Structure formats: structure tokens, C-alpha cells
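Below: protein-v8.csv (CSV, C-alpha atoms)
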```csv
chain,number,residue,atom,x,y,z
U,82,MET,CA,-37.4,-18.5,-8.4
U,83,ILE,CA,-36.0,-19.5,-5.0
U,84,TRP,CA,-36.6,-17.0,-2.2
U,85,GLN,CA,-32.9,-16.7,-1.4
U,86,ASN,CA,-32.4,-14.8,-4.7
U,87,LEU,CA,-34.7,-12.0,-3.3
U,88,ILE,CA,-32.7,-11.3,-0.1
U,89,ASN,CA,-32.3,-7.5,0.2
U,90,LYS,CA,-28.8,-6.6,1.3
U,91,THR,CA,-29.1,-2.8,0.8
U,92,LEU,CA,-31.2,-1.9,3.8
U,93,GLN,CA,-29.8,0.9,6.0
U,94,PRO,CA,-28.8,-0.7,9.3
U,95,LEU,CA,-29.6,0.7,12.8
U,96,ASP,CA,-27.0,0.7,15.5
U,97,ILE,CA,-27.8,0.4,19.1
U,98,SER,CA,-26.0,3.7,19.7
U,99,ASN,CA,-28.4,5.6,17.5
U,100,SER,CA,-30.8,8.0,19.2
U,101,ILE,CA,-34.5,7.3,19.3
U,102,SER,CA,-34.9,10.4,17.0
U,103,GLU,CA,-32.5,8.9,14.5
U,104,VAL,CA,-34.3,5.6,14.6
U,105,LYS,CA,-37.7,7.2,14.0
U,106,SER,CA,-36.2,9.1,11.0
U,107,VAL,CA,-35.1,5.8,9.4
U,108,PHE,CA,-38.6,4.3,9.9
U,109,LYS,CA,-40.1,7.3,8.2
U,110,THR,CA,-38.2,6.5,5.0
U,111,SER,CA,-39.4,2.9,5.0
U,112,THR,CA,-42.6,0.9,4.9
U,113,PHE,CA,-41.5,-1.6,7.5
U,114,ASN,CA,-42.9,-2.1,11.0
U,115,HIS,CA,-39.6,-3.6,12.2
U,116,LEU,CA,-36.0,-2.8,11.4
U,117,PRO,CA,-32.9,-4.8,12.3
U,118,VAL,CA,-30.5,-3.5,15.0
U,119,PHE,CA,-26.8,-4.0,15.3
U,120,LYS,CA,-24.0,-3.4,17.7
U,121,LYS,CA,-20.7,-2.8,16.0
U,122,GLY,CA,-21.8,-4.7,13.0
U,123,VAL,CA,-23.2,-7.7,14.9
U,124,PHE,CA,-27.0,-8.4,14.6
U,125,LYS,CA,-28.8,-8.1,17.9
U,126,GLY,CA,-32.5,-8.3,16.9
U,127,SER,CA,-35.2,-6.0,15.6
U,128,ILE,CA,-37.1,-3.0,16.9
U,129,ASN,CA,-40.8,-2.3,16.3
U,130,VAL,CA,-41.8,1.2,15.3
U,131,ALA,CA,-44.8,1.1,17.6
U,132,ASP,CA,-42.5,0.7,20.6
U,133,LEU,CA,-40.8,4.0,20.0
U,134,ILE,CA,-43.8,6.3,20.4
U,135,ASN,CA,-43.3,7.4,24.0
U,136,LEU,CA,-39.6,7.1,24.3
U,137,ASP,CA,-37.2,10.0,24.9
U,138,LYS,CA,-36.1,11.1,21.5
U,139,ASP,CA,-32.6,12.1,22.6
U,140,ALA,CA,-31.9,8.8,24.5
U,141,PRO,CA,-29.8,6.1,22.7
U,142,LEU,CA,-31.6,2.9,21.6
U,143,SER,CA,-29.2,1.1,24.0
U,144,GLU,CA,-31.2,2.3,26.9
U,145,PHE,CA,-34.2,0.3,25.7
U,146,LYS,CA,-32.6,-3.1,24.9
U,147,TYR,CA,-35.6,-4.8,26.4
U,148,LEU,CA,-37.6,-3.7,23.4
U,149,ILE,CA,-35.4,-5.4,20.9
U,150,GLU,CA,-37.0,-8.6,19.6
U,151,VAL,CA,-34.8,-11.5,18.5
U,152,PHE,CA,-36.3,-13.3,15.5
U,153,TYR,CA,-34.9,-14.2,12.1
U,154,ALA,CA,-34.9,-17.0,9.5
U,155,GLU,CA,-31.9,-19.0,8.4
U,156,ALA,CA,-31.0,-19.0,4.7
U,157,HIS,CA,-31.6,-22.7,4.3
U,158,LYS,CA,-35.3,-22.5,5.4
U,159,THR,CA,-38.3,-23.0,3.1
U,160,ASN,CA,-40.9,-20.6,1.9
U,161,LEU,CA,-43.4,-21.9,4.4
U,162,ASP,CA,-40.9,-21.5,7.2
U,163,LEU,CA,-40.6,-17.8,6.3
U,164,ILE,CA,-44.3,-17.3,6.2
U,165,HIS,CA,-44.6,-18.9,9.6
U,166,GLU,CA,-42.0,-16.5,11.0
U,167,PHE,CA,-43.7,-13.4,9.4
U,168,ALA,CA,-47.0,-14.4,11.0
U,169,ASN,CA,-45.6,-15.4,14.3
U,170,HIS,CA,-43.9,-12.1,14.8
U,171,GLN,CA,-46.5,-9.9,13.0
U,172,THR,CA,-43.8,-8.3,10.9
U,173,ASN,CA,-43.3,-7.4,7.3
U,174,LEU,CA,-39.5,-7.6,7.5
U,175,LEU,CA,-37.6,-10.7,8.4
U,176,PRO,CA,-33.8,-10.7,9.0
U,177,ILE,CA,-31.9,-13.5,7.3
U,178,LEU,CA,-28.9,-15.2,8.9
U,179,ASP,CA,-26.5,-17.8,7.6
U,180,GLN,CA,-25.8,-21.1,9.4
U,181,ASP,CA,-23.2,-19.3,11.6
U,182,LYS,CA,-25.8,-16.7,12.6
U,183,ASN,CA,-24.1,-14.0,10.6
U,184,TYR,CA,-26.5,-11.4,9.1
U,185,ILE,CA,-27.0,-11.6,5.4
U,186,GLY,CA,-29.9,-9.2,4.7
U,187,ILE,CA,-33.7,-9.1,5.0
U,188,MET,CA,-36.7,-10.6,3.3
U,189,LYS,CA,-39.8,-8.5,2.6
U,190,LEU,CA,-43.2,-10.1,3.3
U,191,GLU,CA,-44.6,-8.8,-0.1
U,192,ASP,CA,-41.8,-10.7,-1.9
U,193,VAL,CA,-42.4,-14.0,-0.1
U,194,LEU,CA,-46.2,-13.7,-0.8
U,195,ASP,CA,-45.5,-12.9,-4.5
U,196,LEU,CA,-43.3,-16.0,-4.6
U,197,PHE,CA,-45.9,-18.1,-3.0
U,198,GLY,CA,-48.5,-16.8,-5.4
U,199,GLU,CA,-46.4,-18.1,-8.3
U,200,SER,CA,-46.4,-21.6,-6.9
U,201,PRO,CA,-48.4,-24.3,-8.8
U,202,PHE,CA,-50.8,-24.7,-5.9
U,203,VAL,CA,-51.9,-21.0,-6.2
U,204,ALA,CA,-51.2,-20.3,-9.9
U,205,ASN,CA,-52.6,-23.4,-11.5
U,206,GLU,CA,-56.3,-23.7,-12.5
U,207,GLY,CA,-58.4,-25.9,-10.3
U,208,GLU,CA,-61.0,-26.2,-7.5
U,209,VAL,CA,-60.1,-25.7,-3.9
U,210,MET,CA,-61.8,-27.9,-1.3
U,211,ILE,CA,-61.6,-27.9,2.5
U,212,LEU,CA,-62.0,-31.5,3.9
U,213,ARG,CA,-62.6,-32.3,7.6
U,214,LYS,CA,-62.3,-35.6,9.3
U,215,GLU,CA,-61.5,-37.2,12.7
U,216,ARG,CA,-57.8,-37.0,13.2
U,217,THR,CA,-57.4,-40.7,14.1
U,218,LYS,CA,-59.1,-41.6,10.8
U,219,PHE,CA,-57.3,-39.2,8.5
U,220,SER,CA,-54.7,-40.1,6.0
U,221,PHE,CA,-53.0,-38.0,3.3
U,222,SER,CA,-52.5,-41.1,1.2
U,223,GLU,CA,-56.2,-41.9,1.3
U,224,VAL,CA,-57.0,-38.4,0.1
U,225,ALA,CA,-54.6,-38.6,-2.8
U,226,GLN,CA,-55.8,-42.1,-3.7
U,227,LEU,CA,-59.4,-41.1,-3.8
U,228,ILE,CA,-58.6,-38.2,-6.1
U,229,GLU,CA,-56.5,-40.3,-8.4
U,230,THR,CA,-59.2,-43.0,-8.7
U,231,LEU,CA,-61.5,-40.3,-10.2
U,232,ASN,CA,-58.8,-39.4,-12.8
U,233,ALA,CA,-58.4,-36.0,-11.2
U,234,LYS,CA,-55.1,-34.2,-10.9
U,235,LEU,CA,-54.0,-33.2,-7.5
U,236,SER,CA,-52.2,-29.8,-7.5
U,237,GLY,CA,-51.4,-29.8,-3.7
U,238,MET,CA,-52.8,-30.0,-0.2
U,239,TYR,CA,-51.9,-28.8,3.3
U,240,VAL,CA,-53.2,-28.9,6.8
U,241,SER,CA,-55.2,-25.7,7.4
U,242,TYR,CA,-56.6,-26.6,10.8
U,243,LEU,CA,-55.6,-29.1,13.5
U,244,SER,CA,-56.9,-30.0,16.9
U,245,LYS,CA,-56.6,-33.1,19.1
U,246,ASP,CA,-59.8,-34.5,17.5
U,247,VAL,CA,-60.2,-33.0,14.1
U,248,VAL,CA,-58.0,-32.2,11.1
U,249,GLU,CA,-58.9,-30.0,8.1
U,250,ILE,CA,-57.0,-30.0,4.9
U,251,THR,CA,-57.1,-27.6,2.0
U,252,VAL,CA,-56.9,-29.5,-1.3
U,253,LYS,CA,-56.7,-28.2,-4.9
U,254,VAL,CA,-57.7,-30.5,-7.8
U,255,GLU,CA,-58.2,-30.3,-11.5
U,256,HIS,CA,-61.3,-32.2,-12.6
U,257,GLN,CA,-64.4,-31.6,-14.8
U,258,SER,CA,-66.9,-32.7,-12.2
U,259,ILE,CA,-66.1,-31.4,-8.7
U,260,ASN,CA,-69.5,-32.8,-7.5
U,261,GLU,CA,-68.3,-36.3,-8.2
U,262,ILE,CA,-65.2,-35.7,-6.0
U,263,LEU,CA,-67.2,-34.2,-3.2
U,264,GLN,CA,-69.7,-37.1,-3.1
U,265,THR,CA,-66.8,-39.6,-3.1
U,266,PHE,CA,-65.2,-38.0,-0.1
U,267,ARG,CA,-68.6,-37.9,1.7
U,268,ARG,CA,-68.9,-41.7,1.2
U,269,TYR,CA,-65.6,-42.0,3.0
U,270,ASP,CA,-66.8,-39.9,6.0
U,271,TYR,CA,-65.2,-36.6,5.1
U,272,GLN,CA,-67.1,-33.5,5.8
U,273,ILE,CA,-66.9,-30.7,3.2
U,274,ALA,CA,-66.1,-27.5,5.0
U,275,SER,CA,-66.0,-25.4,1.8
U,276,GLU,CA,-68.9,-24.2,-0.4
U,277,HIS,CA,-69.2,-25.2,-4.1
U,278,PRO,CA,-72.0,-24.1,-6.5
U,279,GLU,CA,-71.8,-27.5,-8.3
U,280,ASP,CA,-72.4,-29.4,-5.0
U,281,LEU,CA,-75.6,-31.4,-5.6
U,282,PHE,CA,-75.6,-32.6,-2.0
U,283,THR,CA,-76.2,-29.0,-0.9
U,284,GLU,CA,-79.0,-28.6,-3.5
U,285,ASP,CA,-80.7,-31.8,-2.3
U,286,LEU,CA,-80.6,-30.6,1.3
U,287,LYS,CA,-82.2,-27.3,0.2
U,288,GLU,CA,-84.9,-29.1,-1.7
U,289,HIS,CA,-85.7,-31.3,1.3
U,290,SER,CA,-85.7,-28.3,3.6
U,291,ASP,CA,-88.1,-26.4,1.3
U,292,TYR,CA,-90.4,-29.5,1.1
U,293,LEU,CA,-90.4,-29.8,4.9
U,294,ASN,CA,-91.2,-26.1,5.3
U,295,LYS,CA,-94.1,-26.4,2.9
U,296,TYR,CA,-95.4,-29.5,4.7
U,297,LEU,CA,-95.2,-27.8,8.1
U,298,ASP,CA,-97.1,-24.8,6.7
U,299,ILE,CA,-100.1,-26.9,5.7
```

Here is the file; what I need is its structure written in the form of C-alpha cells.
Amino acid sequence: MIWQNLINKTLQPLDISNSISEVKSVFKTSTFNHLPVFKKGVFKGSINVADLINLDKDAPLSEFKYLIEVFYAEAHKTNLDLIHEFANHQTNLLPILDQDKNYIGIMKLEDVLDLFGESPFVANEGEVMILRKERTKFSFSEVAQLIETLNAKLSGMYVSYLSKDVVEITVKVEHQSINEILQTFRRYDYQIASEHPEDLFTEDLKEHSDYLNKYLDI
């Protein structure tokens, strides 16, 4: 299912002429931390429930325009674009506009996360690895090629951390021997940032450490 099919068009709108008391009442009937605000049917932004606490309940919302946050997603954006907007604005409701900036409806965070959870990357069986390497030496094509040479199936990968020196990617693979894949990546100077029970390299390190401790105790 594409996320556009989940746009909610039934949410009760707030108007900038509403009193703070009326706005609080609408929030009480919802589970959202933001609600969209309009002026004569035109979308103006969203108001955070936390910003209403100390305001005069009888004053109109229009007296507090500075509290209205302008954020939204356009209907042609991808699932990942939406998740970025949700995270960037710490919200569980995202207004959706068309290409002409006309309001369409809202997306709920829980619906986007459910949709993401149905994606093959999340839903398919497999092992998740976090690989780290110098940024100048990293290549997506190399990662895919190494996995394919081991007759493993790549379910997906994405950059989970990035700095000027280092890149970390999260990779999901289907393979009977994850240890074989881990050792292959180590031979190509990748660090394994995730933990795996089948990782013999970790077991070898532990055995060498135990031996050294026994030697030092003699």
C-alpha cells in the first residue's frame, strides 16, 4: 500500500480565530501533539499542545501567531521523506499539501511506521548487520558485490550514521552462515558495529583474552 492512500481528510480543523480554550478542547479529543491551523480555510501551520499551557484561555489563537510552526510534506514525497519530517519536528501528525501548497489532509505517525514495518526490509526474514568503514573507501556497490559473491540475498541497506570520516550502513541479508559474511567484510577492512551470536571472530577474541588473563595470573 502506498502512503497516500492513508491520508486522513476528516480531522477537525482549527481556525486562527478560535480561542485558546477551544483549541485545548480539540486537543483533548485527540492523541496528537500538533494540530493544523487555518485562516479562512487556508493552511497556516500547526500548533503544539505544549505551547498552550500558560496562555490566556479567552484570547484568540491569532494573538499567538509566533507559536504556529510551518511544516508539512507534499503528496509526492516518499515514506522516508515523511519519517524525516516527523522526526525533525518531533510530531505525530504531519499536514499533507499538494504541489500547489493546498491542504489535503494529515498523516499519522503510527500509520507511516506501520507501512514501513510492512516493507520487505523490515518484514522479510534475515540478519541485520551494521558495517563501518572510512568514508573515502566506502562503496555501496562493493557491499552488494561482496554479499552476492557469497550467494546471499540482499534485502536492503541504508546509511545509519555519517560523519566526515566514517560511514555506517545497516544491511539486511538472507544467508545460512552469517559468520562467513562477517569475516568476508573484515577482510575488506569493514568494522562490524553490530553483535552476532554466530560471529566466530568475537569468540576467538574472547578465547585469546581468557588465555592472556590466565597467563598473567600465573

_Taking 2 positions as the minimum chain separation for residues in the same chain, which residues sit within 8 Å of Ser98 (chain U) when counting all atoms listed in the file? Answer as a list in words._
Asp96, Ser100, Lys120, Pro141, Leu142 and Ser143 of chain U

_Taking (-65.6, -33.4, -2.0) in the coordinates of the supplied file, I want to know which residues reach to within 10 Å of it, counting all atoms listed in the file; could you give the answer as a list in words?_
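Neighbouring residues, ordered by chain and number, come to Val209, Met210, Ile211, Leu212, Ile228, Val252, Ile259, Asn260, Glu261, Ile262, Leu263, Gln264, Thr265, Phe266, Arg267, Arg268, Tyr269, Tyr271, Gln272, Ile273, Ala274, Ser275, Glu276, His277 and Asp280 of chain U.
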
*Leaving out region 170-184 of chain U and any residue of its chain fewer than 4 positions from it, which residues lie within 10 Å of it when counting all atoms listed in the file, given as a PyMOL selection string?*
chain U and resi 85+88-90+112-119+122-127+129+150-158+163-166+188-193

Take the residues that were just selected and, keeping C-alpha atoms, output them as a PDB file, keeping the file's coordinate frame.
```pdb
ATOM      1  CA  GLN U  85     -32.900 -16.700  -1.400  1.00  0.00           C
ATOM      2  CA  ILE U  88     -32.700 -11.300  -0.100  1.00  0.00           C
ATOM      3  CA  ASN U  89     -32.300  -7.500   0.200  1.00  0.00           C
ATOM      4  CA  LYS U  90     -28.800  -6.600   1.300  1.00  0.00           C
ATOM      5  CA  THR U 112     -42.600   0.900   4.900  1.00  0.00           C
ATOM      6  CA  PHE U 113     -41.500  -1.600   7.500  1.00  0.00           C
ATOM      7  CA  ASN U 114     -42.900  -2.100  11.000  1.00  0.00           C
ATOM      8  CA  HIS U 115     -39.600  -3.600  12.200  1.00  0.00           C
ATOM      9  CA  LEU U 116     -36.000  -2.800  11.400  1.00  0.00           C
ATOM     10  CA  PRO U 117     -32.900  -4.800  12.300  1.00  0.00           C
ATOM     11  CA  VAL U 118     -30.500  -3.500  15.000  1.00  0.00           C
ATOM     12  CA  PHE U 119     -26.800  -4.000  15.300  1.00  0.00           C
ATOM     13  CA  GLY U 122     -21.800  -4.700  13.000  1.00  0.00           C
ATOM     14  CA  VAL U 123     -23.200  -7.700  14.900  1.00  0.00           C
ATOM     15  CA  PHE U 124     -27.000  -8.400  14.600  1.00  0.00           C
ATOM     16  CA  LYS U 125     -28.800  -8.100  17.900  1.00  0.00           C
ATOM     17  CA  GLY U 126     -32.500  -8.300  16.900  1.00  0.00           C
ATOM     18  CA  SER U 127     -35.200  -6.000  15.600  1.00  0.00           C
ATOM     19  CA  ASN U 129     -40.800  -2.300  16.300  1.00  0.00           C
ATOM     20  CA  GLU U 150     -37.000  -8.600  19.600  1.00  0.00           C
ATOM     21  CA  VAL U 151     -34.800 -11.500  18.500  1.00  0.00           C
ATOM     22  CA  PHE U 152     -36.300 -13.300  15.500  1.00  0.00           C
ATOM     23  CA  TYR U 153     -34.900 -14.200  12.100  1.00  0.00           C
ATOM     24  CA  ALA U 154     -34.900 -17.000   9.500  1.00  0.00           C
ATOM     25  CA  GLU U 155     -31.900 -19.000   8.400  1.00  0.00           C
ATOM     26  CA  ALA U 156     -31.000 -19.000   4.700  1.00  0.00           C
ATOM     27  CA  HIS U 157     -31.600 -22.700   4.300  1.00  0.00           C
ATOM     28  CA  LYS U 158     -35.300 -22.500   5.400  1.00  0.00           C
ATOM     29  CA  LEU U 163     -40.600 -17.800   6.300  1.00  0.00           C
ATOM     30  CA  ILE U 164     -44.300 -17.300   6.200  1.00  0.00           C
ATOM     31  CA  HIS U 165     -44.600 -18.900   9.600  1.00  0.00           C
ATOM     32  CA  GLU U 166     -42.000 -16.500  11.000  1.00  0.00           C
ATOM     33  CA  MET U 188     -36.700 -10.600   3.300  1.00  0.00           C
ATOM     34  CA  LYS U 189     -39.800  -8.500   2.600  1.00  0.00           C
ATOM     35  CA  LEU U 190     -43.200 -10.100   3.300  1.00  0.00           C
ATOM     36  CA  GLU U 191     -44.600  -8.800  -0.100  1.00  0.00           C
ATOM     37  CA  ASP U 192     -41.800 -10.700  -1.900  1.00  0.00           C
ATOM     38  CA  VAL U 193     -42.400 -14.000  -0.100  1.00  0.00           C
TER      39      VAL U 193
END
```

*Restricting the calculation to all atoms listed in the file, which member of U:Ala168, U:Lys218, U:Thr110, U:Gly237 is positioned closest to Ser200 (chain U)?*
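Going through U:Ala168, U:Lys218, U:Thr110, U:Gly237 one by one, the smallest distance to Ser200 (chain U) is for U:Gly237.
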
_Interatomic distance (Å, one decimal) between CA of Val130 (chain U) and CA of Ile101 (chain U)_ =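 According to the coordinates, CA of Val130 (chain U) and CA of Ile101 (chain U) are separated by 10.3 Å.
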
*Using only C-alpha atoms, which residues sit within 7 Å of Ser241 (chain U) once same-chain residues fewer than 4 positions away are excluded, as a list in words?*
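The neighbour list is Glu249, Ile250 and Thr251 of chain U.
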
_Selected residue of minimal separation from Thr91 (chain U) among U:Leu227, U:Ile187, U:Asp270, U:Ser258, counting all atoms listed in the file_ =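 Of the candidates, the smallest distance to Thr91 (chain U) is held by U:Ile187.
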
*Given the choices U:Ser106, U:Ser236, U:Gln226, U:Gln93, which gets closest to Asn205 (chain U) if the distance is worked out from all atoms listed in the file?*
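Among the listed residues, the smallest separation from Asn205 (chain U) belongs to U:Ser236.
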
*Using only C-alpha atoms, pick whichever of U:Val224, U:Val254, U:Leu231, U:Leu95 has the shortest atom-to-atom distance to Glu206 (chain U).*
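The shortest atom-to-atom distance to Glu206 (chain U) comes from U:Val254.
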
_Distance of CA of Tyr242 (chain U) from CA of Arg213 (chain U), expressed in Å to one decimal place_ =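 Interatomic distance here is 8.9 Å.
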
*asked:* So the first atom is CA of Glu255 (chain U) and the second is CA of Tyr239 (chain U); what is the distance between them in Å, to one decimal place?
replied: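 Straight-line distance from CA of Glu255 (chain U) to CA of Tyr239 (chain U) works out to 16.2 Å.
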